[in-house]
Amino acid sequence: MNSTSYNYNLAAADLRSQQSNLGQFMADPDMSEDYEESLRRIRILGSEGGNDMNIIASIMEHGPEPFIPTDEHVQLLQTALDEDLLEVNPGTLSNSAWYEYLWANDDNGGPLFANHSEQVFRDQLYRARVLAEVMVNGGFTRLRLMDGHGRFTLCFFHALVERGLDPDDYVVNVVDIDSNSNQWHLMFFPESCEATEGDILEELEYEHGLIDQPNDDSDDTETYADTSADEDMGVSDDYAADDCGPDDYEADDYAVDDNGYFTYLNFCSIGAAYDTYGYDRLGELIDACAESETVMISFMVRGMNLHHRNPYAGPTVSNFVIDCILPNWQYVVSRGLFFTGLLTKDRSRRRAEYELEFEPE
């Protein structure tokens with residue numbers, strides 16, 4: 001990995017001993033609801049120096065919905081940068097320096113995971129290791145993420161480092177239909193990160209020849225990306241934080257890069273995407289992605305009955321998953337009712353399409 005002159009060690013010093021402080025900041029309900037209180041806190045932290053990790057955690061946990069950046073998150077980050085409250089501007093870092101700065105020599109993911117359970121961290125790291133395995137074996141160096149969650153990007157860089165690879169050799173493209181989220185990505189993510197405001201499903205449709213061009217107007221597009229799947233929904237005991245990895249499937253002859261992206265679609269509600277696109281259109285896209293073998297997909301199955309198809313129910317979300325997704329995917333991992341798999345047509349590399357180990361609610 002390339003060395004960096006940024007003093008991220010100072011900014012991240014003794015992070016592990018500060019975990020109780022991070023929890024204290026996050027537990028204050030006034031901070032979650034009041035912008036002025038959040039602003040006051042980050043200014044106090046900035047005046048003390050060496051508090052980058054606490055400042056970042058405080059900004060990210062502001063407001064009732066910390067998973068979706070709002071204009072207030074953007075304003076807080078802009079203030080922290082304008083007033084030099086942060087000793088390091090994360091948006092100016094290379095991929096490797098950004099990773100080292102935020103991972104902060106901490107085995108639990110640093111400030112981006114400060115107030116998330118170990119189960120959430122383990123699950124994200126497992127998925128990142130799977131993705132790194134597939135991309136390395138396929139020769140991919142360009143990753144495109146639905147919503148561009150910072151936690152997953154950080155875990156992906158860690159998975160590369162674990163393999164002795166340099167994150168600077170990879171390009172991450174984060175796609176979001178929300179302008180505030182896109183502005184956050186431009187300010188907070190590494191300098192080489194590509195931030196795109198648009199509909200990632202339309203981008204995929206265009207690349208697979210299903211539409212002439214993506215629609216630039218995303219104002220009426222429903223948000224169907226993963227914003228709540230970081231809830232603690234339980235995690236299987238068949239992998240651990242230190243040894244979890246893609247050992248239960250074959251990725252050696254997965255798709256080979258043709259200078260395009262490998263895409264990770266991280267849905268929370270597959271039903272919202274289904275409502276927006278419809279059975280036939282979304283099904284056609286899933287089928288095309290399975291043919292190209294360039295997509296990993298995660299989605300929630302809460303409320304679905306996927307053990308038996310209901311022939312009388314018509315084009316329901318449950319029937320859509322049974323008809324269009326399960327025959328086209330290779331199961332990777334599940335956390336509670338949140339499932340992840342690789343889209344593929346090759347039946348020799350995937351489990352039986354109906355082998356889902358859960359009881360539907």
# chains A, B, ... in the order shown; residues from 1 in each chain; ligands from 1
>>> residues_around(residues="range 74-76 of chain A", least_positions_apart="4", cutoff="8 Å", atoms="only C-alpha atoms", output="list in words")
Ser38, Leu39, Ile59, Pro69, Thr70, Ala80, Asn180, Gln183 and Trp184 of chain A
>>> write_last_selection(atoms="N, CA and C atoms", output="PDB file, in the first residue's frame")
ATOM      1  N   SER A  38     -25.964  19.620  17.556  1.00  0.00           N
ATOM      2  CA  SER A  38     -24.937  18.852  16.848  1.00  0.00           C
ATOM      3  C   SER A  38     -23.789  19.758  16.425  1.00  0.00           C
ATOM      4  N   LEU A  39     -24.125  20.946  15.957  1.00  0.00           N
ATOM      5  CA  LEU A  39     -23.106  21.898  15.546  1.00  0.00           C
ATOM      6  C   LEU A  39     -22.239  22.303  16.735  1.00  0.00           C
ATOM      7  N   ILE A  59     -21.440  13.628  13.371  1.00  0.00           N
ATOM      8  CA  ILE A  59     -22.139  14.119  12.180  1.00  0.00           C
ATOM      9  C   ILE A  59     -23.020  13.033  11.588  1.00  0.00           C
ATOM     10  N   PRO A  69     -28.122  10.695   4.297  1.00  0.00           N
ATOM     11  CA  PRO A  69     -27.642  12.069   4.532  1.00  0.00           C
ATOM     12  C   PRO A  69     -28.699  13.100   4.125  1.00  0.00           C
ATOM     13  N   THR A  70     -28.915  14.080   4.993  1.00  0.00           N
ATOM     14  CA  THR A  70     -29.824  15.177   4.704  1.00  0.00           C
ATOM     15  C   THR A  70     -29.016  16.441   4.443  1.00  0.00           C
ATOM     16  N   ALA A  80     -17.508  21.595   9.417  1.00  0.00           N
ATOM     17  CA  ALA A  80     -16.312  20.957   9.972  1.00  0.00           C
ATOM     18  C   ALA A  80     -15.104  21.169   9.080  1.00  0.00           C
ATOM     19  N   ASN A 180     -28.888  15.197  -1.784  1.00  0.00           N
ATOM     20  CA  ASN A 180     -28.120  15.373  -0.555  1.00  0.00           C
ATOM     21  C   ASN A 180     -27.116  14.242  -0.358  1.00  0.00           C
ATOM     22  N   GLN A 183     -24.250  14.781  -2.711  1.00  0.00           N
ATOM     23  CA  GLN A 183     -23.347  15.829  -2.238  1.00  0.00           C
ATOM     24  C   GLN A 183     -22.475  15.311  -1.104  1.00  0.00           C
ATOM     25  N   TRP A 184     -23.041  14.513  -0.219  1.00  0.00           N
ATOM     26  CA  TRP A 184     -22.254  13.903   0.867  1.00  0.00           C
ATOM     27  C   TRP A 184     -21.140  13.039   0.288  1.00  0.00           C
TER      28      TRP A 184
END
>>> closest_atom_pairs(of="range 81-181 of chain A", to="range 259-276 of chain A", cutoff="12 Å", atoms="only C-alpha atoms", output="tab-separated table")
residue	atom	partner	partner_atom	distance
A:Gln124	CA	A:Asn266	CA	11.0
A:Arg127	CA	A:Tyr264	CA	10.0
A:Ala128	CA	A:Tyr264	CA	10.0
A:Val130	CA	A:Tyr264	CA	11.2
A:Leu131	CA	A:Tyr264	CA	8.3
A:Ala132	CA	A:Phe262	CA	10.3
A:Glu133	CA	A:Phe262	CA	11.9
A:Val134	CA	A:Phe262	CA	9.1
A:Met135	CA	A:Phe262	CA	7.2
A:Val136	CA	A:Phe262	CA	10.7
A:Asn137	CA	A:Phe262	CA	11.9
A:Gly138	CA	A:Phe262	CA	9.4
A:Gly139	CA	A:Asn259	CA	9.1
A:Phe140	CA	A:Phe262	CA	6.7
A:Thr141	CA	A:Tyr261	CA	7.6
A:Arg142	CA	A:Tyr261	CA	4.9
A:Leu143	CA	A:Phe262	CA	5.0
A:Arg144	CA	A:Thr263	CA	4.6
A:Leu145	CA	A:Tyr264	CA	5.1
A:Met146	CA	A:Leu265	CA	5.2
A:Asp147	CA	A:Asn266	CA	7.8
A:Gly148	CA	A:Asn266	CA	9.1
A:His149	CA	A:Asn266	CA	9.3
A:Phe152	CA	A:Asn266	CA	10.1
A:Thr153	CA	A:Tyr264	CA	11.0
A:Phe156	CA	A:Tyr264	CA	11.4
A:Tyr170	CA	A:Tyr261	CA	10.7
A:Val171	CA	A:Tyr261	CA	9.1
A:Val172	CA	A:Tyr261	CA	9.0
A:Asn173	CA	A:Tyr261	CA	8.6
A:Val174	CA	A:Thr263	CA	10.0
A:Val175	CA	A:Leu265	CA	10.3
A:Asp176	CA	A:Leu265	CA	11.5
>>> write_last_selection(atoms="C-alpha atoms", output="PDB file, in the first residue's frame")
ATOM      1  CA  GLN A 124     -20.962  -6.240   6.028  1.00  0.00           C
ATOM      2  CA  ARG A 127     -20.310  -9.534   2.026  1.00  0.00           C
ATOM      3  CA  ALA A 128     -17.322  -7.316   1.216  1.00  0.00           C
ATOM      4  CA  VAL A 130     -17.302 -12.198  -1.089  1.00  0.00           C
ATOM      5  CA  LEU A 131     -17.359  -9.239  -3.448  1.00  0.00           C
ATOM      6  CA  ALA A 132     -13.581  -8.862  -3.318  1.00  0.00           C
ATOM      7  CA  GLU A 133     -13.180 -12.568  -4.120  1.00  0.00           C
ATOM      8  CA  VAL A 134     -15.434 -12.373  -7.168  1.00  0.00           C
ATOM      9  CA  MET A 135     -13.892  -9.145  -8.454  1.00  0.00           C
ATOM     10  CA  VAL A 136     -10.312 -10.333  -8.049  1.00  0.00           C
ATOM     11  CA  ASN A 137     -10.987 -13.669  -9.743  1.00  0.00           C
ATOM     12  CA  GLY A 138     -12.845 -11.943 -12.561  1.00  0.00           C
ATOM     13  CA  GLY A 139     -10.255  -9.213 -13.029  1.00  0.00           C
ATOM     14  CA  PHE A 140     -12.647  -6.416 -12.085  1.00  0.00           C
ATOM     15  CA  THR A 141     -11.222  -3.168 -10.736  1.00  0.00           C
ATOM     16  CA  ARG A 142     -14.366  -1.026 -10.908  1.00  0.00           C
ATOM     17  CA  LEU A 143     -17.139  -1.401  -8.317  1.00  0.00           C
ATOM     18  CA  ARG A 144     -20.521   0.309  -8.524  1.00  0.00           C
ATOM     19  CA  LEU A 145     -22.675   0.543  -5.404  1.00  0.00           C
ATOM     20  CA  MET A 146     -26.354   1.233  -4.970  1.00  0.00           C
ATOM     21  CA  ASP A 147     -26.551   4.122  -2.496  1.00  0.00           C
ATOM     22  CA  GLY A 148     -22.788   3.973  -1.907  1.00  0.00           C
ATOM     23  CA  HIS A 149     -22.824   3.232   1.798  1.00  0.00           C
ATOM     24  CA  PHE A 152     -19.555  -1.116   2.881  1.00  0.00           C
ATOM     25  CA  THR A 153     -16.938   0.812   0.913  1.00  0.00           C
ATOM     26  CA  PHE A 156     -14.481  -3.557   0.735  1.00  0.00           C
ATOM     27  CA  TYR A 170      -9.695   0.132  -7.652  1.00  0.00           C
ATOM     28  CA  VAL A 171     -12.414   2.618  -8.585  1.00  0.00           C
ATOM     29  CA  VAL A 172     -15.655   2.860  -6.609  1.00  0.00           C
ATOM     30  CA  ASN A 173     -18.709   4.463  -8.212  1.00  0.00           C
ATOM     31  CA  VAL A 174     -21.493   5.365  -5.757  1.00  0.00           C
ATOM     32  CA  VAL A 175     -24.902   5.958  -7.307  1.00  0.00           C
ATOM     33  CA  ASP A 176     -27.821   7.625  -5.561  1.00  0.00           C
TER      34      ASP A 176
END
>>> select_by_dssp(residues="range 116-232 of chain A", states="alpha helix (DSSP H)", output="VMD selection string")
chain A and resid 118 to 138 150 to 162 179 to 188 200 to 207
>>> write_last_selection(atoms="N, CA and C atoms", output="compact mmCIF listing (two decimals), in the first residue's frame")
# COMPACT_ATOMS: atom_id res chain seq x y z
N GLU A 118 -21.87 -5.66 16.59
CA GLU A 118 -20.84 -6.47 15.96
C GLU A 118 -21.44 -7.31 14.84
N GLN A 119 -22.70 -7.72 14.99
CA GLN A 119 -23.34 -8.52 13.95
C GLN A 119 -23.44 -7.76 12.64
N VAL A 120 -23.78 -6.48 12.71
CA VAL A 120 -23.85 -5.65 11.51
C VAL A 120 -22.47 -5.57 10.86
N PHE A 121 -21.45 -5.34 11.67
CA PHE A 121 -20.09 -5.24 11.15
C PHE A 121 -19.66 -6.55 10.50
N ARG A 122 -19.89 -7.68 11.19
CA ARG A 122 -19.49 -8.99 10.66
C ARG A 122 -20.18 -9.28 9.34
N ASP A 123 -21.48 -8.95 9.26
CA ASP A 123 -22.24 -9.21 8.05
C ASP A 123 -21.72 -8.38 6.88
N GLN A 124 -21.47 -7.09 7.11
CA GLN A 124 -20.96 -6.24 6.03
C GLN A 124 -19.58 -6.69 5.58
N LEU A 125 -18.73 -7.08 6.54
CA LEU A 125 -17.39 -7.52 6.20
C LEU A 125 -17.43 -8.81 5.40
N TYR A 126 -18.33 -9.72 5.77
CA TYR A 126 -18.46 -10.97 5.02
C TYR A 126 -18.85 -10.70 3.57
N ARG A 127 -19.87 -9.85 3.38
CA ARG A 127 -20.31 -9.53 2.03
C ARG A 127 -19.19 -8.86 1.23
N ALA A 128 -18.42 -7.99 1.90
CA ALA A 128 -17.32 -7.32 1.22
C ALA A 128 -16.25 -8.31 0.79
N ARG A 129 -15.98 -9.31 1.62
CA ARG A 129 -14.99 -10.32 1.27
C ARG A 129 -15.45 -11.17 0.09
N VAL A 130 -16.75 -11.48 0.07
CA VAL A 130 -17.30 -12.20 -1.09
C VAL A 130 -17.12 -11.38 -2.35
N LEU A 131 -17.47 -10.11 -2.28
CA LEU A 131 -17.36 -9.24 -3.45
C LEU A 131 -15.91 -9.10 -3.90
N ALA A 132 -15.00 -8.96 -2.96
CA ALA A 132 -13.58 -8.86 -3.32
C ALA A 132 -13.11 -10.14 -4.01
N GLU A 133 -13.56 -11.29 -3.52
CA GLU A 133 -13.18 -12.57 -4.12
C GLU A 133 -13.62 -12.65 -5.58
N VAL A 134 -14.89 -12.30 -5.81
CA VAL A 134 -15.43 -12.37 -7.17
C VAL A 134 -14.73 -11.38 -8.09
N MET A 135 -14.52 -10.16 -7.62
CA MET A 135 -13.89 -9.15 -8.45
C MET A 135 -12.45 -9.49 -8.78
N VAL A 136 -11.71 -9.98 -7.81
CA VAL A 136 -10.31 -10.33 -8.05
C VAL A 136 -10.23 -11.48 -9.04
N ASN A 137 -11.04 -12.51 -8.84
CA ASN A 137 -10.99 -13.67 -9.74
C ASN A 137 -11.47 -13.34 -11.14
N GLY A 138 -12.35 -12.34 -11.25
CA GLY A 138 -12.85 -11.94 -12.56
C GLY A 138 -12.05 -10.83 -13.20
N GLY A 150 -20.96 4.22 2.99
CA GLY A 150 -19.57 4.33 3.41
C GLY A 150 -19.08 3.13 4.17
N ARG A 151 -19.96 2.52 4.98
CA ARG A 151 -19.55 1.36 5.75
C ARG A 151 -19.13 0.21 4.83
N PHE A 152 -19.90 0.00 3.76
CA PHE A 152 -19.56 -1.12 2.88
C PHE A 152 -18.30 -0.81 2.07
N THR A 153 -18.15 0.43 1.63
CA THR A 153 -16.94 0.81 0.91
C THR A 153 -15.71 0.58 1.79
N LEU A 154 -15.82 0.96 3.05
CA LEU A 154 -14.71 0.76 3.98
C LEU A 154 -14.39 -0.72 4.14
N CYS A 155 -15.43 -1.55 4.29
CA CYS A 155 -15.21 -2.99 4.42
C CYS A 155 -14.61 -3.59 3.15
N PHE A 156 -15.03 -3.08 2.00
CA PHE A 156 -14.48 -3.56 0.73
C PHE A 156 -12.99 -3.26 0.64
N PHE A 157 -12.60 -2.04 1.02
CA PHE A 157 -11.17 -1.71 1.03
C PHE A 157 -10.42 -2.62 2.00
N HIS A 158 -11.01 -2.91 3.14
CA HIS A 158 -10.37 -3.80 4.11
C HIS A 158 -10.20 -5.20 3.53
N ALA A 159 -11.21 -5.67 2.81
CA ALA A 159 -11.13 -6.99 2.19
C ALA A 159 -10.00 -7.04 1.16
N LEU A 160 -9.79 -5.94 0.44
CA LEU A 160 -8.68 -5.89 -0.51
C LEU A 160 -7.35 -5.90 0.21
N VAL A 161 -7.24 -5.12 1.28
CA VAL A 161 -5.99 -5.06 2.05
C VAL A 161 -5.65 -6.43 2.62
N GLU A 162 -6.67 -7.15 3.09
CA GLU A 162 -6.45 -8.49 3.62
C GLU A 162 -5.82 -9.41 2.58
N SER A 179 -30.15 14.01 -4.02
CA SER A 179 -29.11 15.02 -4.23
C SER A 179 -28.28 15.25 -2.97
N ASN A 180 -28.89 15.20 -1.78
CA ASN A 180 -28.12 15.37 -0.55
C ASN A 180 -27.12 14.24 -0.36
N SER A 181 -27.56 13.02 -0.64
CA SER A 181 -26.64 11.89 -0.53
C SER A 181 -25.49 12.03 -1.51
N ASN A 182 -25.81 12.46 -2.73
CA ASN A 182 -24.77 12.62 -3.72
C ASN A 182 -23.76 13.69 -3.30
N GLN A 183 -24.25 14.78 -2.71
CA GLN A 183 -23.35 15.83 -2.24
C GLN A 183 -22.47 15.31 -1.10
N TRP A 184 -23.04 14.51 -0.22
CA TRP A 184 -22.25 13.90 0.87
C TRP A 184 -21.14 13.04 0.29
N HIS A 185 -21.49 12.23 -0.71
CA HIS A 185 -20.49 11.37 -1.33
C HIS A 185 -19.34 12.20 -1.92
N LEU A 186 -19.69 13.28 -2.59
CA LEU A 186 -18.66 14.13 -3.20
C LEU A 186 -17.73 14.73 -2.16
N MET A 187 -18.25 15.04 -0.98
CA MET A 187 -17.47 15.70 0.06
C MET A 187 -16.70 14.73 0.94
N PHE A 188 -17.28 13.54 1.19
CA PHE A 188 -16.75 12.66 2.22
C PHE A 188 -15.95 11.48 1.68
N ILE A 200 -29.65 3.70 -10.46
CA ILE A 200 -28.70 2.64 -10.80
C ILE A 200 -29.35 1.54 -11.62
N LEU A 201 -30.64 1.28 -11.42
CA LEU A 201 -31.32 0.25 -12.20
C LEU A 201 -31.46 0.66 -13.65
N GLU A 202 -31.71 1.94 -13.90
CA GLU A 202 -31.75 2.41 -15.28
C GLU A 202 -30.38 2.37 -15.92
N GLU A 203 -29.34 2.63 -15.14
CA GLU A 203 -27.98 2.50 -15.67
C GLU A 203 -27.73 1.07 -16.12
N LEU A 204 -28.17 0.10 -15.31
CA LEU A 204 -27.99 -1.31 -15.67
C LEU A 204 -28.83 -1.67 -16.89
N GLU A 205 -30.05 -1.15 -16.95
CA GLU A 205 -30.89 -1.41 -18.12
C GLU A 205 -30.20 -0.91 -19.39
N TYR A 206 -29.65 0.28 -19.32
CA TYR A 206 -28.97 0.86 -20.47
C TYR A 206 -27.77 0.01 -20.88
N GLU A 207 -26.96 -0.41 -19.92
CA GLU A 207 -25.77 -1.18 -20.22
C GLU A 207 -26.10 -2.55 -20.80
>>> residues_around(residues="range 317-326 of chain A", least_positions_apart="6", cutoff="9 Å", atoms="only C-alpha atoms", output="list in words")
Ile270, Gly271, Tyr274, Asp275, Tyr279, Leu282, Gly283, Glu284, Ile286, Asp287, Val301, Gly303, Met304, Asn305, Leu306, His307, His308, Arg309, Asn310, Pro311, Leu343, Ala352, Glu353 and Tyr354 of chain A
>>> closest_residue(among="A:Val88, A:Cys289, A:Val295, A:Ile44", to="Glu100 in chain A", atoms="only C-alpha atoms")
A:Val88
>>> residues_around(residues="Gly46 in chain A", least_positions_apart="4", cutoff="7 Å", atoms="only C-alpha atoms", output="PyMOL selection string")
chain A and resi 42+51+85-86
>>> closest_residue(among="A:Glu72, A:Glu87, A:Trp329, A:Gly198", to="Glu48 in chain A", atoms="only C-alpha atoms")
A:Glu87
>>> atom_distance(atom1="CA of Glu291 in chain A", atom2="CA of Asn328 in chain A")
8.7 Å
>>> select_by_dssp(residues="range 48-165 of chain A", states="strand (DSSP E or B)", output="list in words")
Arg142, Leu143, Arg144, Leu145 and Met146 of chain A
>>> closest_residue(among="A:Met300, A:Leu285, A:Leu112, A:Ile68", to="Ile177 in chain A", atoms="only C-alpha atoms")
A:Ile68
>>> atom_distance(atom1="CA of Thr92 in chain A", atom2="CA of Pro190 in chain A")
6.2 Å
